$ cat my_file-v7.cif   # mmCIF, C-alpha atoms and all ligand atoms
data_protein
loop_
_atom_site.label_atom_id
_atom_site.label_comp_id
_atom_site.auth_asym_id
_atom_site.auth_seq_id
_atom_site.Cartn_x
_atom_site.Cartn_y
_atom_site.Cartn_z
CA MET A 431 47.95 -58.75 -79.33
CA ALA A 432 45.17 -60.26 -77.38
CA SER A 433 46.08 -62.35 -74.44
CA GLU A 434 44.00 -63.87 -71.74
CA HIS A 435 44.63 -60.92 -69.43
CA ASP A 436 43.24 -58.37 -71.82
CA SER A 437 39.78 -59.78 -71.66
CA LEU A 438 39.73 -59.76 -67.85
CA PRO A 439 38.81 -56.11 -67.35
CA VAL A 440 35.78 -56.53 -69.55
CA ILE A 441 34.42 -59.18 -67.27
CA VAL A 442 35.19 -57.07 -64.21
CA THR A 443 33.42 -54.09 -65.74
CA ARG A 444 30.38 -56.18 -66.39
CA LYS A 445 30.30 -57.35 -62.84
CA ASP A 446 30.61 -53.73 -61.69
CA GLU A 447 27.88 -52.69 -63.98
CA ALA A 448 25.64 -55.45 -62.80
CA LEU A 449 26.33 -54.58 -59.22
CA GLY A 450 25.82 -50.92 -60.02
CA ALA A 451 22.46 -51.57 -61.60
CA LEU A 452 21.39 -53.68 -58.66
CA GLN A 453 22.61 -51.02 -56.30
CA GLN A 454 20.64 -48.38 -58.15
CA MET A 455 17.53 -50.47 -57.99
CA VAL A 456 17.93 -51.08 -54.31
CA SER A 457 18.74 -47.42 -53.71
CA LYS A 458 15.74 -46.27 -55.63
CA SER A 459 13.29 -48.50 -53.91
CA LEU A 460 14.78 -47.93 -50.47
CA GLY A 461 14.77 -44.19 -51.04
CA TRP A 462 11.20 -44.33 -52.26
CA ALA A 463 10.16 -46.29 -49.19
CA ARG A 464 12.02 -44.07 -46.80
CA LYS A 465 10.96 -40.73 -48.15
CA TYR A 466 7.28 -41.45 -47.59
CA SER A 467 7.61 -42.75 -44.06
CA LEU A 468 9.35 -39.96 -42.19
CA PHE A 469 8.77 -40.30 -38.51
CA GLN A 470 9.73 -37.05 -36.88
CA TYR A 471 11.04 -36.27 -33.48
CA PRO A 472 9.94 -32.71 -32.73
CA PHE A 473 12.65 -30.96 -30.73
CA VAL A 474 10.37 -28.02 -30.05
CA THR A 475 11.95 -25.36 -27.90
CA ALA A 476 10.28 -22.08 -28.85
CA CYS A 477 7.61 -20.23 -30.81
CA CYS A 478 8.25 -22.10 -34.07
CA GLY A 479 6.47 -25.00 -32.40
CA MET A 480 3.16 -23.26 -33.07
CA GLU A 481 3.88 -23.28 -36.76
CA TYR A 482 4.98 -26.87 -36.53
CA MET A 483 1.58 -27.77 -35.09
CA THR A 484 -0.12 -25.91 -37.91
CA VAL A 485 1.83 -27.85 -40.50
CA GLY A 486 0.85 -31.09 -38.87
CA ALA A 487 -2.80 -30.12 -38.50
CA SER A 488 -5.51 -30.70 -41.06
CA ARG A 489 -5.20 -27.46 -43.03
CA TYR A 490 -1.69 -28.14 -44.31
CA ASP A 491 -1.53 -31.79 -43.38
CA LEU A 492 1.98 -33.16 -43.56
CA ASP A 493 0.44 -36.61 -43.76
CA ARG A 494 0.08 -36.04 -47.50
CA PHE A 495 3.86 -36.29 -47.63
CA GLY A 496 4.12 -39.25 -45.33
CA ALA A 497 5.56 -37.22 -42.49
CA ALA A 498 2.59 -37.11 -40.18
CA LEU A 499 3.40 -38.98 -37.05
CA PRO A 500 5.60 -37.35 -34.46
CA ARG A 501 7.31 -39.89 -32.24
CA PHE A 502 8.22 -38.65 -28.83
CA SER A 503 11.10 -41.00 -28.45
CA PRO A 504 14.17 -40.48 -30.60
CA ARG A 505 14.55 -44.23 -30.86
CA GLN A 506 11.41 -44.47 -32.95
CA ALA A 507 12.13 -41.47 -35.14
CA ASP A 508 14.25 -40.87 -38.18
CA LEU A 509 13.73 -37.17 -38.82
CA LEU A 510 14.88 -34.72 -36.18
CA MET A 511 12.92 -31.47 -36.48
CA VAL A 512 14.77 -28.86 -34.49
CA THR A 513 12.04 -26.29 -34.06
CA GLY A 514 13.02 -23.17 -32.21
CA THR A 515 15.81 -21.45 -30.38
CA VAL A 516 18.48 -23.75 -28.98
CA ASN A 517 20.58 -22.15 -26.31
CA CYS A 518 24.09 -23.11 -25.35
CA ARG A 519 22.92 -24.95 -22.30
CA GLN A 520 20.68 -27.14 -24.40
CA ALA A 521 23.28 -27.98 -27.03
CA PRO A 522 24.53 -31.19 -25.36
CA ILE A 523 20.94 -32.37 -24.93
CA LEU A 524 20.26 -31.82 -28.61
CA ARG A 525 23.42 -33.71 -29.42
CA ARG A 526 22.32 -36.62 -27.22
CA VAL A 527 18.89 -36.73 -28.85
CA TRP A 528 20.51 -36.81 -32.27
CA GLU A 529 22.84 -39.57 -31.19
CA SER A 530 20.01 -41.73 -29.92
CA ILE A 531 18.19 -41.71 -33.25
CA ALA A 532 18.98 -44.86 -35.20
CA GLU A 533 20.42 -44.63 -38.70
CA PRO A 534 19.26 -43.63 -41.25
CA LYS A 535 18.43 -40.21 -39.85
CA TRP A 536 17.96 -36.73 -41.17
CA VAL A 537 17.86 -33.33 -39.54
CA VAL A 538 15.75 -30.33 -40.45
CA ALA A 539 16.52 -26.92 -38.97
CA PHE A 540 13.12 -25.29 -38.70
CA GLY A 541 13.20 -21.48 -38.58
CA VAL A 542 16.06 -19.01 -38.48
CA CYS A 543 16.77 -19.62 -34.81
CA ALA A 544 17.64 -23.24 -35.38
CA SER A 545 19.43 -22.46 -38.65
CA THR A 546 21.62 -19.55 -37.60
CA GLY A 547 20.58 -18.31 -34.19
CA GLY A 548 18.39 -15.69 -35.85
CA PHE A 549 18.25 -12.35 -34.17
CA TYR A 550 19.29 -13.87 -30.87
CA ASP A 551 22.85 -12.83 -31.52
CA ASN A 552 23.82 -12.99 -27.87
CA TYR A 553 25.60 -14.85 -25.12
CA ALA A 554 22.92 -17.46 -24.51
CA THR A 555 21.86 -18.73 -27.93
CA MET A 556 23.74 -21.23 -30.01
CA GLN A 557 24.37 -19.72 -33.42
CA GLY A 558 22.83 -22.48 -35.47
CA ILE A 559 22.40 -26.14 -34.62
CA ASP A 560 25.01 -27.11 -37.21
CA ARG A 561 27.56 -26.30 -34.56
CA VAL A 562 26.73 -29.62 -32.89
CA ILE A 563 24.88 -31.80 -35.41
CA PRO A 564 24.81 -32.08 -39.21
CA VAL A 565 21.77 -30.57 -40.89
CA ASP A 566 20.12 -31.71 -44.13
CA VAL A 567 17.58 -28.98 -44.80
CA TYR A 568 17.40 -25.45 -43.47
CA ILE A 569 13.98 -23.81 -43.51
CA PRO A 570 14.25 -20.02 -43.18
CA GLY A 571 11.57 -17.80 -41.74
CA CYS A 572 10.58 -16.50 -38.37
CA PRO A 573 8.47 -18.53 -38.13
CA PRO A 574 8.40 -20.19 -41.58
CA ARG A 575 5.08 -20.33 -43.35
CA PRO A 576 3.64 -23.86 -43.53
CA GLU A 577 4.20 -23.76 -47.28
CA GLN A 578 7.89 -23.22 -46.65
CA VAL A 579 7.96 -26.18 -44.31
CA ILE A 580 6.24 -28.36 -46.88
CA ASP A 581 8.75 -27.15 -49.45
CA GLY A 582 11.54 -28.12 -47.07
CA ILE A 583 10.04 -31.57 -46.57
CA ILE A 584 9.80 -32.04 -50.32
CA MET A 585 13.44 -31.01 -50.66
CA LEU A 586 14.37 -33.50 -47.99
CA GLN A 587 12.39 -36.18 -49.79
CA ALA A 588 14.29 -35.43 -52.99
CA LYS A 589 17.51 -35.75 -51.07
CA ILE A 590 16.47 -39.06 -49.53
CA GLN A 591 15.44 -40.35 -52.95
CA GLY A 592 18.84 -39.46 -54.34
CA GLN A 593 20.85 -41.15 -51.64
CA THR A 594 22.73 -44.28 -52.61
CA HIS A 595 22.92 -47.42 -50.56
CA LYS A 596 26.08 -49.39 -51.02
CA ILE A 597 25.85 -53.13 -51.43
CA ILE A 598 28.65 -54.42 -49.30
CA GLU A 599 30.11 -57.76 -48.37
CA ARG A 600 28.13 -59.38 -45.66
CA LYS A 601 30.01 -59.51 -42.40
CA ALA A 602 29.06 -60.83 -39.03
CA LEU A 603 28.32 -58.01 -36.65
CA PRO A 604 30.36 -58.04 -33.49
CA ILE A 605 28.31 -59.02 -30.48
CA ALA A 606 28.80 -56.84 -27.47
CA GLY A 607 30.92 -58.50 -24.82
CA ARG A 608 32.31 -61.15 -27.19
CA GLU A 609 35.25 -61.27 -29.49
CA PRO A 610 34.41 -60.19 -33.02
CA TYR A 611 33.72 -63.24 -35.17
CA GLU A 612 36.49 -63.92 -37.67
CA PRO A 613 35.59 -66.48 -40.33
CA MET B 109 -1.45 3.97 -2.65
CA ALA B 110 1.06 3.02 -0.06
CA LYS B 111 1.73 6.40 1.48
CA VAL B 112 1.05 4.82 4.87
CA VAL B 113 3.81 2.33 4.30
CA ILE B 114 6.34 4.95 3.29
CA ASP B 115 5.45 7.13 6.26
CA ALA B 116 5.74 4.21 8.64
CA LEU B 117 9.08 3.21 7.12
CA LEU B 118 10.50 6.73 7.38
CA ALA B 119 9.27 7.06 10.95
CA ARG B 120 10.62 3.73 12.04
CA PHE B 121 13.92 3.72 10.14
CA PRO B 122 14.85 7.41 9.86
CA ARG B 123 18.51 6.69 9.12
CA ILE B 124 17.98 3.71 6.86
CA ALA B 125 15.12 4.65 4.56
CA ALA B 126 15.31 7.90 2.63
CA ASP B 127 14.29 9.85 -0.48
CA PRO B 128 10.78 8.54 -1.09
CA TYR B 129 9.11 9.37 -4.37
CA GLN B 130 6.24 8.14 -6.44
CA GLY B 131 7.36 6.30 -9.52
CA PRO B 132 5.53 6.09 -12.84
CA GLY B 133 2.52 3.85 -12.45
CA GLY B 134 1.89 5.09 -8.95
CA ASP B 135 4.19 2.77 -7.05
CA ASP B 136 5.81 4.28 -4.01
CA VAL B 137 9.55 3.95 -3.99
CA VAL B 138 12.01 4.44 -1.20
CA PHE B 139 15.76 4.06 -0.99
CA VAL B 140 17.02 1.71 1.71
CA ARG B 141 20.53 1.27 2.98
CA LYS B 142 22.21 -1.93 2.07
CA ASP B 143 23.13 -3.43 5.43
CA GLN B 144 19.71 -3.04 7.04
CA ILE B 145 17.62 -4.42 4.22
CA VAL B 146 16.73 -7.58 6.13
CA GLU B 147 15.44 -5.66 9.13
CA VAL B 148 13.34 -3.42 6.90
CA CYS B 149 11.95 -6.42 5.05
CA ARG B 150 11.19 -8.32 8.21
CA PHE B 151 9.35 -5.30 9.60
CA LEU B 152 7.38 -4.95 6.37
CA LYS B 153 6.40 -8.57 6.47
CA THR B 154 5.55 -9.07 10.13
CA ASP B 155 3.94 -5.75 11.06
CA PRO B 156 0.16 -6.19 10.86
CA GLY B 157 -0.30 -2.78 9.28
CA MET B 158 2.16 -3.64 6.50
CA ALA B 159 1.66 -7.38 5.93
CA PHE B 160 3.83 -7.60 2.83
CA ASN B 161 3.53 -11.34 2.50
CA MET B 162 4.83 -11.56 -1.03
CA ALA B 163 7.94 -10.49 -2.91
CA PRO B 164 6.77 -10.82 -6.50
CA TYR B 165 9.93 -9.54 -8.11
CA ILE B 166 13.44 -8.83 -6.99
CA THR B 167 15.91 -7.75 -9.60
CA ALA B 168 19.02 -5.68 -10.13
CA VAL B 169 20.07 -2.76 -12.33
CA ASP B 170 23.49 -1.87 -13.62
CA TYR B 171 24.05 1.88 -13.82
CA LEU B 172 27.43 1.70 -15.51
CA GLY B 173 29.41 4.87 -14.99
CA GLN B 174 27.59 5.91 -11.85
CA GLU B 175 28.72 5.44 -8.33
CA PRO B 176 27.46 3.26 -6.68
CA ARG B 177 27.15 1.18 -9.79
CA PHE B 178 24.51 -1.44 -8.99
CA GLU B 179 21.11 -1.34 -7.51
CA VAL B 180 18.92 -4.14 -6.21
CA VAL B 181 15.20 -3.48 -6.48
CA TYR B 182 12.66 -5.21 -4.23
CA ASN B 183 9.08 -5.07 -5.41
CA LEU B 184 6.82 -6.04 -2.53
CA TYR B 185 3.13 -6.72 -2.42
CA SER B 186 0.60 -7.35 0.30
CA THR B 187 -2.17 -9.69 -0.77
CA SER B 188 -4.32 -8.95 2.28
CA LEU B 189 -4.07 -5.14 2.31
CA ASN B 190 -3.53 -4.79 -1.45
CA HIS B 191 -0.68 -2.31 -1.45
CA ARG B 192 2.72 -2.33 -3.00
CA VAL B 193 6.02 -0.73 -2.33
CA ARG B 194 9.37 -0.76 -4.06
CA LEU B 195 12.66 -0.67 -2.22
CA ARG B 196 15.81 0.43 -4.01
CA VAL B 197 19.14 -0.53 -2.56
CA LYS B 198 22.33 0.98 -3.91
CA VAL B 199 25.20 -1.49 -4.14
CA PRO B 200 28.75 -0.34 -4.89
CA GLU B 201 30.79 -2.35 -7.35
CA GLY B 202 33.71 -2.97 -5.05
CA ASP B 203 31.52 -4.45 -2.34
CA ALA B 204 28.65 -6.08 -4.22
CA VAL B 205 27.51 -8.16 -1.28
CA LEU B 206 24.07 -7.97 0.25
CA PRO B 207 22.34 -9.78 3.08
CA SER B 208 19.85 -12.27 1.70
CA VAL B 209 16.13 -11.88 2.38
CA CYS B 210 15.45 -15.59 1.86
CA GLY B 211 14.77 -15.87 5.56
CA VAL B 212 11.91 -13.41 5.18
CA TRP B 213 10.36 -14.60 1.94
CA ARG B 214 11.32 -18.04 0.81
CA GLY B 215 10.46 -17.10 -2.74
CA ALA B 216 13.35 -14.66 -2.83
CA ASP B 217 15.69 -17.61 -3.32
CA TRP B 218 15.64 -17.77 -7.11
CA PHE B 219 15.47 -14.00 -7.53
CA GLU B 220 18.68 -13.64 -5.63
CA ARG B 221 20.25 -16.44 -7.60
CA TYR B 222 19.18 -14.55 -10.72
CA CYS B 223 20.85 -11.35 -9.48
CA TYR B 224 23.98 -13.32 -8.74
CA ASP B 225 23.95 -15.03 -12.12
CA MET B 226 23.24 -11.99 -14.26
CA TYR B 227 24.91 -9.19 -12.30
CA GLY B 228 27.39 -10.88 -9.99
CA ILE B 229 25.86 -9.49 -6.84
CA ARG B 230 26.45 -11.89 -3.97
CA PHE B 231 24.06 -12.53 -1.12
CA THR B 232 25.28 -13.61 2.28
CA ASP B 233 23.32 -16.31 4.12
CA HIS B 234 21.71 -17.48 0.92
CA PRO B 235 20.95 -21.22 1.21
CA ASP B 236 22.14 -22.16 -2.28
CA LEU B 237 23.81 -19.38 -4.24
CA ARG B 238 24.41 -20.97 -7.63
CA ARG B 239 23.82 -19.63 -11.10
CA LEU B 240 20.17 -19.77 -12.07
CA PHE B 241 20.14 -19.63 -15.88
CA MET B 242 23.69 -19.97 -17.09
CA TYR B 243 25.88 -23.03 -16.61
CA ASP B 244 28.65 -23.24 -14.09
CA GLU B 245 31.41 -22.99 -16.69
CA PHE B 246 30.12 -19.62 -17.89
CA VAL B 247 32.55 -16.79 -17.20
CA GLY B 248 31.24 -13.37 -16.28
CA HIS B 249 27.78 -11.98 -15.73
CA PRO B 250 25.91 -11.39 -18.97
CA LEU B 251 23.51 -8.61 -17.97
CA ARG B 252 26.28 -6.32 -16.78
CA LYS B 253 26.52 -3.42 -19.16
CA ASP B 254 30.19 -4.05 -19.79
CA TYR B 255 29.69 -7.69 -20.82
CA PRO B 256 30.64 -7.77 -24.52
CA LEU B 257 27.58 -7.68 -26.75
CA ARG B 258 28.77 -10.63 -28.80
CA GLY B 259 30.66 -12.38 -26.04
CA ARG B 260 30.62 -16.00 -27.06
CA GLN B 261 31.75 -18.77 -24.80
CA PRO B 262 32.68 -22.32 -25.72
CA LEU B 263 29.96 -24.95 -25.63
CA VAL B 264 30.11 -27.26 -22.66
CA LYS B 265 29.68 -30.97 -22.17
CA GLU B 266 26.50 -32.52 -20.95
CA ARG B 267 26.36 -32.76 -17.21
CA GLU B 268 26.19 -36.09 -15.43
CA LEU B 269 22.71 -37.01 -14.34
CA THR B 270 23.20 -38.27 -10.83
CA GLU B 271 19.64 -37.79 -9.62
CA PRO B 272 17.29 -38.75 -12.46
CA TYR B 273 14.18 -37.50 -10.69
CA ARG B 274 15.53 -34.10 -9.77
CA GLY B 275 17.68 -33.21 -12.71
CA PRO B 276 21.34 -32.35 -13.17
CA GLY B 277 22.95 -30.31 -10.46
CA ALA B 278 20.60 -31.64 -7.79
CA ALA B 279 23.39 -33.38 -5.99
CA SER B 280 25.96 -30.70 -6.68
CA PRO B 281 28.57 -30.23 -3.95
CA ASP B 282 27.45 -26.72 -3.06
CA GLN B 283 24.04 -28.01 -2.12
CA ALA B 284 25.17 -30.98 -0.09
S1 LIG C 701 12.66 -18.45 -35.78
FE1 LIG C 701 11.25 -16.92 -34.92
S2 LIG C 701 9.38 -18.09 -34.52
FE2 LIG C 701 11.03 -19.57 -34.76
S3 LIG C 701 11.82 -19.96 -32.70
FE3 LIG C 701 13.04 -18.33 -33.58
S4 LIG C 701 12.05 -16.45 -32.88
FE4 LIG C 701 10.57 -18.10 -32.63
#

$ encode --input "my_file-v7.cif" --output "structure tokens" --more "lines below"
Ligand code: SF4
Amino acid sequence: MASEHDSLPVIVTRKDEALGALQQMVSKSLGWARKYSLFQYPFVTACCGMEYMTVGASRYDLDRFGAALPRFSPRQADLLMVTGTVNCRQAPILRRVWESIAEPKWVVAFGVCASTGGFYDNYATMQGIDRVIPVDVYIPGCPPRPEQVIDGIIMLQAKIQGQTHKIIERKALPIAGREPYEP
Amino acid sequence: MAKVVIDALLARFPRIAADPYQGPGGDDVVFVRKDQIVEVCRFLKTDPGMAFNMAPYITAVDYLGQEPRFEVVYNLYSTSLNHRVRLRVKVPEGDAVLPSVCGVWRGADWFERYCYDMYGIRFTDHPDLRRLFMYDEFVGHPLRKDYPLRGRQPLVKERELTEPYRGPGAASPDQA
């Protein structure tokens, strides 16, 4: 017994589908754009930094993957490379650096020290940076070979490509110091 | 290498310096009593025949289970006469307080802070006896042999930066 209401869901589904397709398109192209323009902030604290320089240099050349330019201000970066041992005293500084990176941002834990604390199983070393910030890719090794780092970057790129970007209702952003705008 | 120094020390401080021996590597070592360490150091620095104008390394050792438990080791070097000597000072656990030699060598400042931080040995008359490596909230002294091997402590908050050109802790109350 078909009534007017029965046909409504069909229309709604179509709208969803249309939105979904648009969202997929936007996600795909945004992901594609983002994954080839990774600007890294090197949080280099220890010996892994040497390997990091090798990866960036001409022999392995991270530029082939669009991740060549280190920015030395977190405000210009979107990939935080935590490269080396982070001790407990440095944890709040790492947290602050991560907080000052604008969204979207990703974190790579470079080497076992950053991933788990490594063999520094002692009073001074933080046992993995995921105790203070979320991590997207862990690269094992002490230090990791440049090939491993490149593999990690490719994994991160796959992850960025797969991320979805929701299309949401447009809303006025609240301006600091003023009442939020209510239409 | 520094037999002259040891002989002069033993002759000048017969009750304070004792048991000299030659350590591995050829350094001459002598045991010094705790309370007179500043006098011995001042003599070693100011006497023209000694001229120990540099204290390259001052550290501590924890001999857990022995009495006295701690030991502070002063490695001294003379750049003009090119000789070295090592002073060992036994420090009991119950009274781990030592006079500071910062007045003799200014560079001893951070070494003594290190000994305080890692071993909990206090130095009287030190200008600024704070922890050197660990943060203020840290409990205990990590290089003591009875500090638990996996002793973890909670992470701390970031410290306020009151003096941006000198770093956190520059305007801490114990320095004011
Ligand atoms: S993982 Fe190894 S190479 Fe990297 S910072 Fe730690 S100790 Fe150094």

$ residues_near_point --input "my_file-v7.cif" --point "(4.2, -13.3, -0.7)" --cutoff "9 Å" --atoms "all atoms listed in the file" --output "number ranges by chain"
B: 153, 160-164, 184-187, 213-215

$ residues_around --input "my_file-v7.cif" --residues "Ala116 (chain B)" --least-positions-apart "5" --cutoff "9 Å" --atoms "all atoms listed in the file" --output "list in words"
Lys111, Phe121 and Met158 of chain B

$ interface_residues --input "my_file-v7.cif" --of "chain A" --to "chain B" --cutoff "8 Å" --atoms "all atoms listed in the file" --output "list in words"
Cys518, Arg519, Ala521, Pro522, Ile523, Asp551, Asn552, Tyr553 and Ala554 of chain A

$ closest_residue --input "my_file-v7.cif" --among "A:Met556, A:Val527, A:Ala476, A:Ile590" --to "ligand LIG 701 (chain C)" --atoms "only C-alpha atoms and all ligand atoms"
A:Ala476

$ residues_around --input "my_file-v7.cif" --residues "Ser530 (chain A)" --least-positions-apart "3" --cutoff "8 Å" --atoms "all atoms listed in the file" --output "ChimeraX atom specification"
/A:504-505,526-527

$ write_last_selection --input "my_file-v7.cif" --atoms "C-alpha atoms" --output "CSV table (one decimal), in the coordinates of the input"
chain,number,residue,atom,x,y,z
A,504,PRO,CA,14.2,-40.5,-30.6
A,505,ARG,CA,14.6,-44.2,-30.9
A,526,ARG,CA,22.3,-36.6,-27.2
A,527,VAL,CA,18.9,-36.7,-28.8

$ closest_residue --input "my_file-v7.cif" --among "A:Ala532, A:Met585, A:Ile563, A:Ile569" --to "ligand LIG 701 (chain C)" --atoms "all atoms listed in the file"
A:Ile569

$ residues_near_ligand --input "my_file-v7.cif" --ligand "ligand LIG 701 (chain C)" --cutoff "10 Å" --atoms "only C-alpha atoms and all ligand atoms" --output "ChimeraX atom specification"
/A:474-482,512-516,539-550,569-574

$ residues_around --input "my_file-v7.cif" --residues "Pro564 (chain A)" --least-positions-apart "2" --cutoff "10 Å" --atoms "all atoms listed in the file" --output "ChimeraX atom specification"
/A:528,536-539,559-562,566-567

$ write_last_selection --input "my_file-v7.cif" --atoms "C-alpha atoms" --output "PDB file, keeping the file's coordinate frame"
ATOM      1  CA  TRP A 528      20.510 -36.810 -32.270  1.00  0.00           C
ATOM      2  CA  TRP A 536      17.960 -36.730 -41.170  1.00  0.00           C
ATOM      3  CA  VAL A 537      17.860 -33.330 -39.540  1.00  0.00           C
ATOM      4  CA  VAL A 538      15.750 -30.330 -40.450  1.00  0.00           C
ATOM      5  CA  ALA A 539      16.520 -26.920 -38.970  1.00  0.00           C
ATOM      6  CA  ILE A 559      22.400 -26.140 -34.620  1.00  0.00           C
ATOM      7  CA  ASP A 560      25.010 -27.110 -37.210  1.00  0.00           C
ATOM      8  CA  ARG A 561      27.560 -26.300 -34.560  1.00  0.00           C
ATOM      9  CA  VAL A 562      26.730 -29.620 -32.890  1.00  0.00           C
ATOM     10  CA  ASP A 566      20.120 -31.710 -44.130  1.00  0.00           C
ATOM     11  CA  VAL A 567      17.580 -28.980 -44.800  1.00  0.00           C
TER      12      VAL A 567
END

$ residues_around --input "my_file-v7.cif" --residues "Gly211 (chain B)" --least-positions-apart "6" --cutoff "10 Å" --atoms "all atoms listed in the file" --output "PyMOL selection string"
chain B and resi 146+149-150+217+233-235

$ closest_residue --input "my_file-v7.cif" --among "B:Asn183, B:Ser208, B:Ser188, B:Thr270" --to "Asp136 (chain B)" --atoms "only C-alpha atoms"
B:Asn183

$ atom_distance --input "my_file-v7.cif" --atom1 "CA of Lys465 (chain A)" --atom2 "CA of Asp491 (chain A)"
16.1 Å

$ residues_around --input "my_file-v7.cif" --residues "Gln144 (chain B)" --least-positions-apart "2" --cutoff "12 Å" --atoms "all atoms listed in the file" --output "list of chain:residue names"
B:Phe121, B:Pro122, B:Arg123, B:Ile124, B:Ala125, B:Phe139, B:Val140, B:Arg141, B:Lys142, B:Val146, B:Glu147, B:Val148, B:Cys149, B:Arg150, B:Phe151, B:Leu195, B:Val197, B:Lys198, B:Leu206, B:Pro207, B:Ser208, B:Val209

$ atom_distance --input "my_file-v7.cif" --atom1 "CA of Val205 (chain B)" --atom2 "CA of Gln130 (chain B)"
27.3 Å

$ atom_distance --input "my_file-v7.cif" --atom1 "CA of Met483 (chain A)" --atom2 "CA of Arg575 (chain A)"
11.7 Å

$ decode --input "my_file-v7.cif" --residues "region 194-238 of chain B" --atoms "C-alpha atoms" --output "PDB file, in the first residue's frame"
ATOM      1  CA  ARG B 194      92.598  12.512  42.263  1.00  0.00           C
ATOM      2  CA  LEU B 195      91.139  13.096  45.699  1.00  0.00           C
ATOM      3  CA  ARG B 196      88.719  10.585  47.178  1.00  0.00           C
ATOM      4  CA  VAL B 197      86.478  11.692  49.990  1.00  0.00           C
ATOM      5  CA  LYS B 198      84.445   9.157  51.932  1.00  0.00           C
ATOM      6  CA  VAL B 199      80.960  10.367  52.808  1.00  0.00           C
ATOM      7  CA  PRO B 200      78.746   8.430  55.233  1.00  0.00           C
ATOM      8  CA  GLU B 201      75.102   7.972  54.335  1.00  0.00           C
ATOM      9  CA  GLY B 202      73.719   9.440  57.522  1.00  0.00           C
ATOM     10  CA  ASP B 203      75.663  12.667  57.108  1.00  0.00           C
ATOM     11  CA  ALA B 204      75.957  13.126  53.355  1.00  0.00           C
ATOM     12  CA  VAL B 205      76.927  16.774  53.581  1.00  0.00           C
ATOM     13  CA  LEU B 206      80.146  18.204  52.229  1.00  0.00           C
ATOM     14  CA  PRO B 207      81.634  21.678  52.084  1.00  0.00           C
ATOM     15  CA  SER B 208      81.407  23.042  48.558  1.00  0.00           C
ATOM     16  CA  VAL B 209      84.556  23.808  46.573  1.00  0.00           C
ATOM     17  CA  CYS B 210      82.767  26.335  44.354  1.00  0.00           C
ATOM     18  CA  GLY B 211      84.738  29.067  46.059  1.00  0.00           C
ATOM     19  CA  VAL B 212      87.944  27.475  44.809  1.00  0.00           C
ATOM     20  CA  TRP B 213      86.946  26.498  41.292  1.00  0.00           C
ATOM     21  CA  ARG B 214      83.877  28.153  39.927  1.00  0.00           C
ATOM     22  CA  GLY B 215      83.425  25.284  37.511  1.00  0.00           C
ATOM     23  CA  ALA B 216      82.687  22.940  40.384  1.00  0.00           C
ATOM     24  CA  ASP B 217      79.187  24.414  40.546  1.00  0.00           C
ATOM     25  CA  TRP B 218      77.450  22.076  38.118  1.00  0.00           C
ATOM     26  CA  PHE B 219      79.454  19.038  39.203  1.00  0.00           C
ATOM     27  CA  GLU B 220      78.225  19.473  42.714  1.00  0.00           C
ATOM     28  CA  ARG B 221      74.704  20.007  41.496  1.00  0.00           C
ATOM     29  CA  TYR B 222      75.114  16.756  39.574  1.00  0.00           C
ATOM     30  CA  CYS B 223      76.242  14.911  42.717  1.00  0.00           C
ATOM     31  CA  TYR B 224      73.274  16.327  44.567  1.00  0.00           C
ATOM     32  CA  ASP B 225      70.859  15.396  41.801  1.00  0.00           C
ATOM     33  CA  MET B 226      72.078  11.872  41.169  1.00  0.00           C
ATOM     34  CA  TYR B 227      73.303  10.799  44.608  1.00  0.00           C
ATOM     35  CA  GLY B 228      71.651  13.136  47.075  1.00  0.00           C
ATOM     36  CA  ILE B 229      74.897  14.417  48.505  1.00  0.00           C
ATOM     37  CA  ARG B 230      74.433  17.962  49.746  1.00  0.00           C
ATOM     38  CA  PHE B 231      77.030  20.691  49.612  1.00  0.00           C
ATOM     39  CA  THR B 232      77.088  23.500  52.132  1.00  0.00           C
ATOM     40  CA  ASP B 233      77.804  27.026  50.873  1.00  0.00           C
ATOM     41  CA  HIS B 234      76.879  26.081  47.347  1.00  0.00           C
ATOM     42  CA  PRO B 235      75.493  29.158  45.552  1.00  0.00           C
ATOM     43  CA  ASP B 236      72.580  27.388  43.856  1.00  0.00           C
ATOM     44  CA  LEU B 237      72.062  23.772  44.877  1.00  0.00           C
ATOM     45  CA  ARG B 238      69.258  22.644  42.585  1.00  0.00           C
TER      46      ARG B 238
END
